[in-house]
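To be precise, the following lines are structure_35.pdb, and they hold PDB, C-alpha atoms and all ligand atoms.
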```pdb
ATOM      1  CA  MET C  14       0.000   0.000   0.000
ATOM      2  CA  LYS C  15       1.277   3.463  -0.871
ATOM      3  CA  THR C  16       1.807   5.819   2.043
ATOM      4  CA  LEU C  17      -1.285   7.870   2.868
ATOM      5  CA  ILE C  18      -0.597  11.612   2.956
ATOM      6  CA  ALA C  19      -2.555  14.109   5.043
ATOM      7  CA  PRO C  20      -1.518  17.705   4.322
ATOM      8  CA  SER C  21      -2.137  19.890   7.374
ATOM      9  CA  VAL C  22      -4.362  22.844   6.560
ATOM     10  CA  LEU C  23      -2.796  24.650   9.544
ATOM     11  CA  ALA C  24       0.041  25.649   7.203
ATOM     12  CA  ALA C  25      -2.294  26.849   4.416
ATOM     13  CA  ASP C  26      -2.900  30.498   3.561
ATOM     14  CA  PHE C  27      -6.153  31.197   5.453
ATOM     15  CA  ALA C  28      -6.864  34.177   3.212
ATOM     16  CA  ASN C  29      -6.745  31.817   0.219
ATOM     17  CA  LEU C  30      -8.177  28.736   1.824
ATOM     18  CA  GLN C  31     -10.304  27.632  -1.111
ATOM     19  CA  ARG C  32      -7.275  27.816  -3.427
ATOM     20  CA  ASP C  33      -5.278  25.623  -1.017
ATOM     21  CA  VAL C  34      -8.179  23.184  -0.607
ATOM     22  CA  GLU C  35      -8.324  22.850  -4.409
ATOM     23  CA  MET C  36      -4.562  22.231  -4.475
ATOM     24  CA  ILE C  37      -5.051  19.286  -2.099
ATOM     25  CA  ASN C  38      -8.054  18.058  -4.138
ATOM     26  CA  GLY C  39      -5.887  18.000  -7.252
ATOM     27  CA  SER C  40      -2.901  16.338  -5.583
ATOM     28  CA  GLU C  41      -2.023  12.752  -4.638
ATOM     29  CA  ALA C  42      -2.957  13.487  -1.003
ATOM     30  CA  ASP C  43      -5.402  11.128   0.708
ATOM     31  CA  PHE C  44      -6.847  13.318   3.474
ATOM     32  CA  PHE C  45      -7.219  16.850   4.742
ATOM     33  CA  HIS C  46      -5.566  17.039   8.191
ATOM     34  CA  ILE C  47      -7.492  19.548  10.296
ATOM     35  CA  ASP C  48      -5.766  20.746  13.486
ATOM     36  CA  ILE C  49      -8.185  21.967  16.152
ATOM     37  CA  MET C  50      -6.475  23.781  19.058
ATOM     38  CA  ASP C  51      -8.325  25.218  22.029
ATOM     39  CA  GLY C  52      -5.712  27.404  23.746
ATOM     40  CA  ALA C  53      -6.026  25.199  26.860
ATOM     41  CA  PHE C  54      -4.863  21.677  26.046
ATOM     42  CA  VAL C  55      -2.251  23.305  23.799
ATOM     43  CA  PRO C  56      -0.869  26.852  24.034
ATOM     44  CA  ASN C  57      -2.354  27.985  20.742
ATOM     45  CA  ILE C  58      -5.750  28.554  19.111
ATOM     46  CA  SER C  59      -6.178  27.501  15.471
ATOM     47  CA  PHE C  60      -9.739  27.479  14.146
ATOM     48  CA  GLY C  61     -12.983  25.716  14.956
ATOM     49  CA  LEU C  62     -16.185  24.189  13.630
ATOM     50  CA  PRO C  63     -17.216  26.794  11.022
ATOM     51  CA  VAL C  64     -13.833  26.620   9.294
ATOM     52  CA  CYS C  65     -13.929  22.829   9.378
ATOM     53  CA  ALA C  66     -17.390  22.874   7.787
ATOM     54  CA  ALA C  67     -16.256  25.401   5.157
ATOM     55  CA  ILE C  68     -13.281  23.225   4.187
ATOM     56  CA  ASN C  69     -15.584  20.199   4.028
ATOM     57  CA  LYS C  70     -17.841  21.991   1.560
ATOM     58  CA  HIS C  71     -15.032  21.994  -1.000
ATOM     59  CA  ALA C  72     -12.933  19.004   0.069
ATOM     60  CA  LYS C  73     -12.996  15.943  -2.190
ATOM     61  CA  LYS C  74     -11.064  13.774   0.281
ATOM     62  CA  PRO C  75     -11.908  12.767   3.871
ATOM     63  CA  LEU C  76     -11.222  15.145   6.745
ATOM     64  CA  ASP C  77      -8.863  13.765   9.401
ATOM     65  CA  VAL C  78      -9.639  15.961  12.400
ATOM     66  CA  HIS C  79      -6.943  16.139  15.097
ATOM     67  CA  LEU C  80      -8.575  17.408  18.280
ATOM     68  CA  MET C  81      -5.999  19.104  20.505
ATOM     69  CA  ILE C  82      -8.689  20.101  22.981
ATOM     70  CA  ASN C  83      -9.791  19.345  26.515
ATOM     71  CA  ASN C  84     -13.168  17.600  26.937
ATOM     72  CA  PRO C  85     -13.287  16.348  23.335
ATOM     73  CA  ASP C  86     -16.458  14.308  24.046
ATOM     74  CA  GLN C  87     -18.399  17.537  24.176
ATOM     75  CA  TYR C  88     -17.583  18.314  20.515
ATOM     76  CA  LEU C  89     -17.431  14.938  18.774
ATOM     77  CA  GLU C  90     -20.893  15.068  17.242
ATOM     78  CA  ALA C  91     -20.424  18.670  16.121
ATOM     79  CA  PHE C  92     -17.182  17.795  14.332
ATOM     80  CA  ARG C  93     -18.823  14.783  12.694
ATOM     81  CA  ASP C  94     -21.571  17.142  11.498
ATOM     82  CA  ALA C  95     -18.892  19.561  10.257
ATOM     83  CA  GLY C  96     -17.518  16.812   8.012
ATOM     84  CA  ALA C  97     -15.008  14.858  10.104
ATOM     85  CA  GLU C  98     -14.697  11.251   8.931
ATOM     86  CA  TRP C  99     -11.574  10.446  10.941
ATOM     87  CA  ILE C 100     -11.275  11.879  14.449
ATOM     88  CA  SER C 101      -8.314  11.645  16.814
ATOM     89  CA  VAL C 102      -8.413  12.681  20.461
ATOM     90  CA  HIS C 103      -5.431  13.044  22.758
ATOM     91  CA  LEU C 104      -4.852  10.316  25.313
ATOM     92  CA  GLU C 105      -3.636  13.055  27.678
ATOM     93  CA  ALA C 106      -6.994  14.856  27.403
ATOM     94  CA  CYS C 107      -9.264  11.841  27.979
ATOM     95  CA  THR C 108     -10.097  10.428  31.400
ATOM     96  CA  HIS C 109     -12.370   7.753  29.907
ATOM     97  CA  LEU C 110     -10.580   7.073  26.651
ATOM     98  CA  HIS C 111     -12.408   3.818  25.915
ATOM     99  CA  ARG C 112     -15.787   5.565  26.169
ATOM    100  CA  THR C 113     -14.599   8.402  23.930
ATOM    101  CA  ILE C 114     -13.391   5.961  21.274
ATOM    102  CA  GLN C 115     -16.690   4.070  21.368
ATOM    103  CA  ARG C 116     -18.553   7.346  20.900
ATOM    104  CA  ILE C 117     -16.466   8.322  17.853
ATOM    105  CA  LYS C 118     -17.308   4.951  16.303
ATOM    106  CA  GLU C 119     -21.009   5.258  17.157
ATOM    107  CA  LEU C 120     -20.961   8.522  15.226
ATOM    108  CA  GLY C 121     -19.766   6.575  12.181
ATOM    109  CA  CYS C 122     -16.200   7.933  12.175
ATOM    110  CA  LYS C 123     -12.795   6.258  12.220
ATOM    111  CA  ALA C 124     -11.388   6.543  15.721
ATOM    112  CA  GLY C 125      -7.827   7.537  16.572
ATOM    113  CA  VAL C 126      -5.752   8.385  19.623
ATOM    114  CA  ALA C 127      -2.963  10.960  19.442
ATOM    115  CA  ILE C 128      -0.089  10.822  21.916
ATOM    116  CA  ASN C 129       2.355  13.534  22.914
ATOM    117  CA  PRO C 130       6.116  12.987  22.532
ATOM    118  CA  HIS C 131       6.519  12.173  26.235
ATOM    119  CA  THR C 132       3.680   9.597  26.277
ATOM    120  CA  SER C 133       4.693   5.951  26.042
ATOM    121  CA  VAL C 134       3.052   3.833  23.342
ATOM    122  CA  THR C 135       2.718   1.064  25.955
ATOM    123  CA  LEU C 136      -0.227   3.031  27.434
ATOM    124  CA  LEU C 137      -2.198   1.988  24.349
ATOM    125  CA  GLU C 138      -1.764  -1.758  24.856
ATOM    126  CA  ASP C 139      -5.193  -2.297  26.440
ATOM    127  CA  ILE C 140      -7.104  -0.321  23.816
ATOM    128  CA  ILE C 141      -5.151  -0.967  20.621
ATOM    129  CA  THR C 142      -7.675  -3.428  19.128
ATOM    130  CA  GLU C 143     -10.354  -0.694  19.336
ATOM    131  CA  LEU C 144      -8.343   1.889  17.416
ATOM    132  CA  ASP C 145      -8.454   2.559  13.681
ATOM    133  CA  TYR C 146      -5.309   4.675  14.008
ATOM    134  CA  VAL C 147      -2.765   6.066  16.429
ATOM    135  CA  CYS C 148      -1.291   9.499  15.787
ATOM    136  CA  ILE C 149       2.241   9.653  17.182
ATOM    137  CA  MET C 150       3.154  13.303  17.690
ATOM    138  CA  SER C 151       6.681  13.893  16.459
ATOM    139  CA  VAL C 152       6.638  17.479  17.802
ATOM    140  CA  ASN C 153       4.972  18.940  20.888
ATOM    141  CA  PRO C 154       1.432  19.737  19.725
ATOM    142  CA  GLY C 155       0.319  23.323  19.329
ATOM    143  CA  PHE C 156       2.324  24.724  16.435
ATOM    144  CA  GLY C 157       3.327  23.896  12.894
ATOM    145  CA  GLY C 158       6.862  24.244  11.629
ATOM    146  CA  GLN C 159       8.675  22.599  14.541
ATOM    147  CA  LYS C 160      11.679  20.290  14.444
ATOM    148  CA  PHE C 161      11.033  16.561  14.140
ATOM    149  CA  ILE C 162      11.862  14.589  17.324
ATOM    150  CA  GLU C 163      14.193  11.688  16.399
ATOM    151  CA  LYS C 164      12.944   9.420  19.225
ATOM    152  CA  THR C 165       9.787   8.992  17.092
ATOM    153  CA  TYR C 166      11.364   6.172  15.071
ATOM    154  CA  ASP C 167      11.718   3.999  18.210
ATOM    155  CA  LYS C 168       8.115   4.748  19.172
ATOM    156  CA  VAL C 169       6.842   3.731  15.738
ATOM    157  CA  ARG C 170       8.724   0.410  15.873
ATOM    158  CA  GLN C 171       7.516  -0.250  19.427
ATOM    159  CA  LEU C 172       3.902   0.542  18.525
ATOM    160  CA  LYS C 173       4.082  -1.592  15.383
ATOM    161  CA  ALA C 174       5.154  -4.537  17.570
ATOM    162  CA  ILE C 175       2.222  -3.929  19.950
ATOM    163  CA  ILE C 176      -0.215  -3.825  17.006
ATOM    164  CA  THR C 177       1.180  -7.025  15.488
ATOM    165  CA  GLU C 178       1.165  -8.808  18.853
ATOM    166  CA  ALA C 179      -2.507  -7.860  19.375
ATOM    167  CA  GLY C 180      -3.485  -8.899  15.840
ATOM    168  CA  ALA C 181      -4.961  -5.435  15.295
ATOM    169  CA  ASN C 182      -5.333  -3.494  12.016
ATOM    170  CA  THR C 183      -4.500  -0.127  13.558
ATOM    171  CA  LEU C 184      -2.714   2.343  11.272
ATOM    172  CA  ILE C 185       0.146   4.505  12.533
ATOM    173  CA  GLU C 186       0.034   8.206  11.665
ATOM    174  CA  ILE C 187       2.969  10.565  12.246
ATOM    175  CA  ASP C 188       2.341  14.253  12.861
ATOM    176  CA  GLY C 189       4.920  17.033  13.098
ATOM    177  CA  GLY C 190       8.065  18.000  11.242
ATOM    178  CA  VAL C 191       7.547  15.428   8.485
ATOM    179  CA  ASP C 192       9.395  16.149   5.252
ATOM    180  CA  ASN C 193      11.258  14.436   2.449
ATOM    181  CA  SER C 194      14.249  13.723   4.718
ATOM    182  CA  ASN C 195      12.363  11.493   7.198
ATOM    183  CA  ALA C 196       9.265  10.219   5.329
ATOM    184  CA  ALA C 197      10.808   7.041   3.893
ATOM    185  CA  ALA C 198      12.399   6.044   7.228
ATOM    186  CA  LEU C 199       9.086   6.569   9.044
ATOM    187  CA  VAL C 200       7.300   4.287   6.584
ATOM    188  CA  GLU C 201      10.116   1.748   6.911
ATOM    189  CA  ALA C 202       9.603   1.829  10.705
ATOM    190  CA  GLY C 203       5.874   1.095  10.322
ATOM    191  CA  ALA C 204       3.998   4.343   9.634
ATOM    192  CA  SER C 205       1.136   4.339   7.095
ATOM    193  CA  ILE C 206      -0.140   7.937   7.296
ATOM    194  CA  LEU C 207       2.122  10.993   7.185
ATOM    195  CA  VAL C 208       0.841  14.448   8.145
ATOM    196  CA  ALA C 209       2.781  17.329   6.629
ATOM    197  CA  GLY C 210       2.022  21.033   6.908
ATOM    198  CA  SER C 211       5.046  23.291   6.527
ATOM    199  CA  TYR C 212       6.891  20.987   4.146
ATOM    200  CA  VAL C 213       3.949  20.933   1.717
ATOM    201  CA  PHE C 214       2.839  24.557   1.880
ATOM    202  CA  LYS C 215       6.331  26.107   1.939
ATOM    203  CA  HIS C 216       7.423  24.038  -1.056
ATOM    204  CA  GLU C 217       7.526  25.940  -4.339
ATOM    205  CA  ASP C 218       5.388  23.139  -5.822
ATOM    206  CA  PRO C 219       3.117  21.759  -3.047
ATOM    207  CA  LYS C 220       1.731  18.956  -5.240
ATOM    208  CA  GLU C 221       5.277  17.808  -5.980
ATOM    209  CA  ALA C 222       6.059  17.889  -2.227
ATOM    210  CA  ILE C 223       3.069  15.601  -1.607
ATOM    211  CA  ARG C 224       4.219  13.271  -4.400
ATOM    212  CA  LEU C 225       7.746  13.155  -2.952
ATOM    213  CA  ILE C 226       6.691  12.102   0.552
ATOM    214  CA  LYS C 227       4.165   9.620  -0.803
ATOM    215  CA  GLY C 228       7.169   7.656  -2.100
TER     216      GLY C 228
HETATM  217  O1  LIG Z   1      -0.788  18.819  14.989
HETATM  218  C1  LIG Z   1       0.007  19.625  14.543
HETATM  219  C2  LIG Z   1       0.690  20.578  15.452
HETATM  220  O2  LIG Z   1       0.258  20.393  16.743
HETATM  221  C3  LIG Z   1       0.241  19.721  13.056
HETATM  222  O3  LIG Z   1      -0.550  18.768  12.392
HETATM  223  C4  LIG Z   1       1.689  19.486  12.700
HETATM  224  O4  LIG Z   1       2.538  20.333  13.389
HETATM  225  C5  LIG Z   1       1.923  19.565  11.204
HETATM  226  O5  LIG Z   1       2.605  20.698  10.867
HETATM  227  P1  LIG Z   1       4.152  20.666  10.419
HETATM  228  O6  LIG Z   1       4.245  19.663   9.299
HETATM  229  O7  LIG Z   1       4.385  22.072   9.983
HETATM  230  O8  LIG Z   1       4.970  20.258  11.607
HETATM  231 FE    FE Z   2      -2.062  17.602  13.672
END
```
Please go through the file and, once you have read it, give me the structure as structure tokens.
Amino acid sequence: MKTLIAPSVLAADFANLQRDVEMINGSEADFFHIDIMDGAFVPNISFGLPVCAAINKHAKKPLDVHLMINNPDQYLEAFRDAGAEWISVHLEACTHLHRTIQRIKELGCKAGVAINPHTSVTLLEDIITELDYVCIMSVNPGFGGQKFIEKTYDKVRQLKAIITEAGANTLIEIDGGVDNSNAAALVEAGASILVAGSYVFKHEDPKEAIRLIKG
């Protein structure tokens, strides 16, 4: 299977959002990665439901919504209604993670858990068979354009072993600092979905950047 690519709209030009959405529509990308930040779980505010719904109106590929928010349960249905087909919540923001994952599935969405760089993948052992995907953060969440954390490779290999051991079909997504210098090694380690914001949107030819990391 070719690597799935999820360009992060966080790095798009918000004053030309429709143009950037059309770029992704016309590229080899597989998803729109939508970063929702609440200024509480992470020290930054991005955008919310109306922008998600506006992107969805034009998007021809599924929205992968990354909720970097406290109390995600409160907003799951609203994001589904705003077009989310894949939803990830942060393990660090969920007291009753199993319940939250069940709710995402009841809403008809693919369910994912995102983990911060300091969070061990072993904390997912008891829930891995329930997860459609795990988003390993390769930067501290809250901002685009940060440096990739090298420890991520070990985490991907360790998580891949947990998934195999459990006989699960969970996909591994990597988010933060992904570019053409680390994409192939991440896939080699076991990743299936690569999120890329700055690398894609700062490239002189964003569609070519997407093609390059797709491999
Ligand atoms: O979740 C995120 C930040 O919290 C973004 O998805 C991530 O940072 C992608 O942007 P970049 O490729 O520029 O690092
Ligand atoms: Fe993200």
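For the pair atom CA of Phe44 of chain C and atom CA of Pro20 of chain C, the interatomic distance is 7.0 Å.
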Taking only residues of chain C that have an atom at most 10 Å from an atom of ligand FE 2 (chain Z), what is each one's shortest atom pair and its distance in Å to one decimal, using all atoms listed in the file, in chain and number order, as a tab-separated table?
```
residue	atom	partner	partner_atom	distance
C:Ala19	CA	Z:FE2	FE	9.3
C:Pro20	CA	Z:FE2	FE	9.4
C:Ser21	CA	Z:FE2	FE	6.7
C:Val22	CA	Z:FE2	FE	9.1
C:Leu23	CA	Z:FE2	FE	8.2
C:His46	CA	Z:FE2	FE	6.5
C:Ile47	CA	Z:FE2	FE	6.7
C:Asp48	CA	Z:FE2	FE	4.9
C:Ile49	CA	Z:FE2	FE	7.9
C:Met50	CA	Z:FE2	FE	9.3
C:Asp77	CA	Z:FE2	FE	8.9
C:Val78	CA	Z:FE2	FE	7.9
C:His79	CA	Z:FE2	FE	5.3
C:Leu80	CA	Z:FE2	FE	8.0
C:Met81	CA	Z:FE2	FE	8.0
C:Ser101	CA	Z:FE2	FE	9.2
C:Ala127	CA	Z:FE2	FE	8.8
C:Cys148	CA	Z:FE2	FE	8.4
C:Ile149	CA	Z:FE2	FE	9.7
C:Met150	CA	Z:FE2	FE	7.9
C:Ser151	CA	Z:FE2	FE	9.9
C:Val152	CA	Z:FE2	FE	9.6
C:Pro154	CA	Z:FE2	FE	7.3
C:Gly155	CA	Z:FE2	FE	8.4
C:Phe156	CA	Z:FE2	FE	8.8
C:Gly157	CA	Z:FE2	FE	8.3
C:Glu186	CA	Z:FE2	FE	9.8
C:Ile187	CA	Z:FE2	FE	8.8
C:Asp188	CA	Z:FE2	FE	5.6
C:Gly189	CA	Z:FE2	FE	7.0
C:Val208	CA	Z:FE2	FE	7.0
C:Ala209	CA	Z:FE2	FE	8.6
C:Gly210	CA	Z:FE2	FE	8.6
```
*Could you tell me which of C:Trp99, C:Tyr166, C:Phe27, C:Phe214 comes closest to ligand LIG 1 (chain Z) if we count only C-alpha atoms and all ligand atoms?*
C:Phe214
_Nearest-residue call for Leu137 of chain C, choices C:Leu120, C:Leu104, C:Val191, C:Ala25, using all atoms listed in the file_ = C:Leu104
*Show which residues sit within 12 Å of Gly121 of chain C, as a list in words. Count only C-alpha atoms, and ignore same-chain residues fewer than 4 positions away.*
Leu89, Glu90, Phe92, Arg93, Asp94, Gly96, Ala97, Glu98, Trp99, Ile100, Ile114, Gln115, Arg116 and Ile117 of chain C
Centre and edge lengths, as AutoDock Vina command-line options, for the axis-aligned box enclosing every listed atom of segment 52-66 of chain C with 8 Å of padding on each of the six sides, in Å to one decimal?
```
--center_x -9.1 --center_y 25.1 --center_z 17.3 --size_x 32.5 --size_y 22.9 --size_z 35.1
```
Hey, what comes out of the PyMOL selection byres (((chain C and resi 215-220) around 8) and not hetatm) on this file? Could you write it as a PDB file with C-alpha atoms, in the frame of the given file?
```pdb
ATOM      1  CA  MET C  36      -4.562  22.231  -4.475  1.00  0.00           C
ATOM      2  CA  ILE C  37      -5.051  19.286  -2.099  1.00  0.00           C
ATOM      3  CA  GLY C  39      -5.887  18.000  -7.252  1.00  0.00           C
ATOM      4  CA  SER C  40      -2.901  16.338  -5.583  1.00  0.00           C
ATOM      5  CA  GLU C  41      -2.023  12.752  -4.638  1.00  0.00           C
ATOM      6  CA  SER C 211       5.046  23.291   6.527  1.00  0.00           C
ATOM      7  CA  TYR C 212       6.891  20.987   4.146  1.00  0.00           C
ATOM      8  CA  VAL C 213       3.949  20.933   1.717  1.00  0.00           C
ATOM      9  CA  PHE C 214       2.839  24.557   1.880  1.00  0.00           C
ATOM     10  CA  GLU C 221       5.277  17.808  -5.980  1.00  0.00           C
ATOM     11  CA  ALA C 222       6.059  17.889  -2.227  1.00  0.00           C
ATOM     12  CA  ILE C 223       3.069  15.601  -1.607  1.00  0.00           C
ATOM     13  CA  ARG C 224       4.219  13.271  -4.400  1.00  0.00           C
TER      14      ARG C 224
END
```
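Across the model, the gap from atom CA of Thr135 of chain C to atom CA of Lys15 of chain C is 27.0 Å.
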*Which is closer to Gly203 of chain C than all the others in C:Gln159, C:Pro130, C:Cys122, C:Thr16, using all atoms listed in the file?*
C:Thr16
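Here atom CA of Lys118 of chain C is placed at a distance of 24.2 Å from atom C4 of ligand LIG 1 (chain Z).
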Pick out the residues sitting within 9 Å of Gln31 of chain C, and hand them over as a compact mmCIF listing (two decimals) with C-alpha atoms, keeping the file's coordinate frame; count only C-alpha atoms, and ignore anything fewer than 5 positions along from it in its own chain.
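See out-v9.txt below for the written result:
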```
# COMPACT_ATOMS: atom_id res chain seq x y z
CA MET C 36 -4.56 22.23 -4.47
CA ALA C 67 -16.26 25.40 5.16
CA ILE C 68 -13.28 23.22 4.19
CA HIS C 71 -15.03 21.99 -1.00
```
*May I have the protein, DNA and RNA residues with any atom at most 7 Å from the point (-4.0, 9.6, 4.9), counting all atoms listed in the file, written as a list in words?*
Leu17, Ile18, Ala19, Asp43, Phe44, Ile206 and Leu207 of chain C
*asked:* Measuring between only C-alpha atoms and all ligand atoms, which one of C:Val169, C:Ala91, C:Leu184, C:Ile58 shows the shortest distance to ligand LIG 1 (chain Z)?
replied: C:Ile58
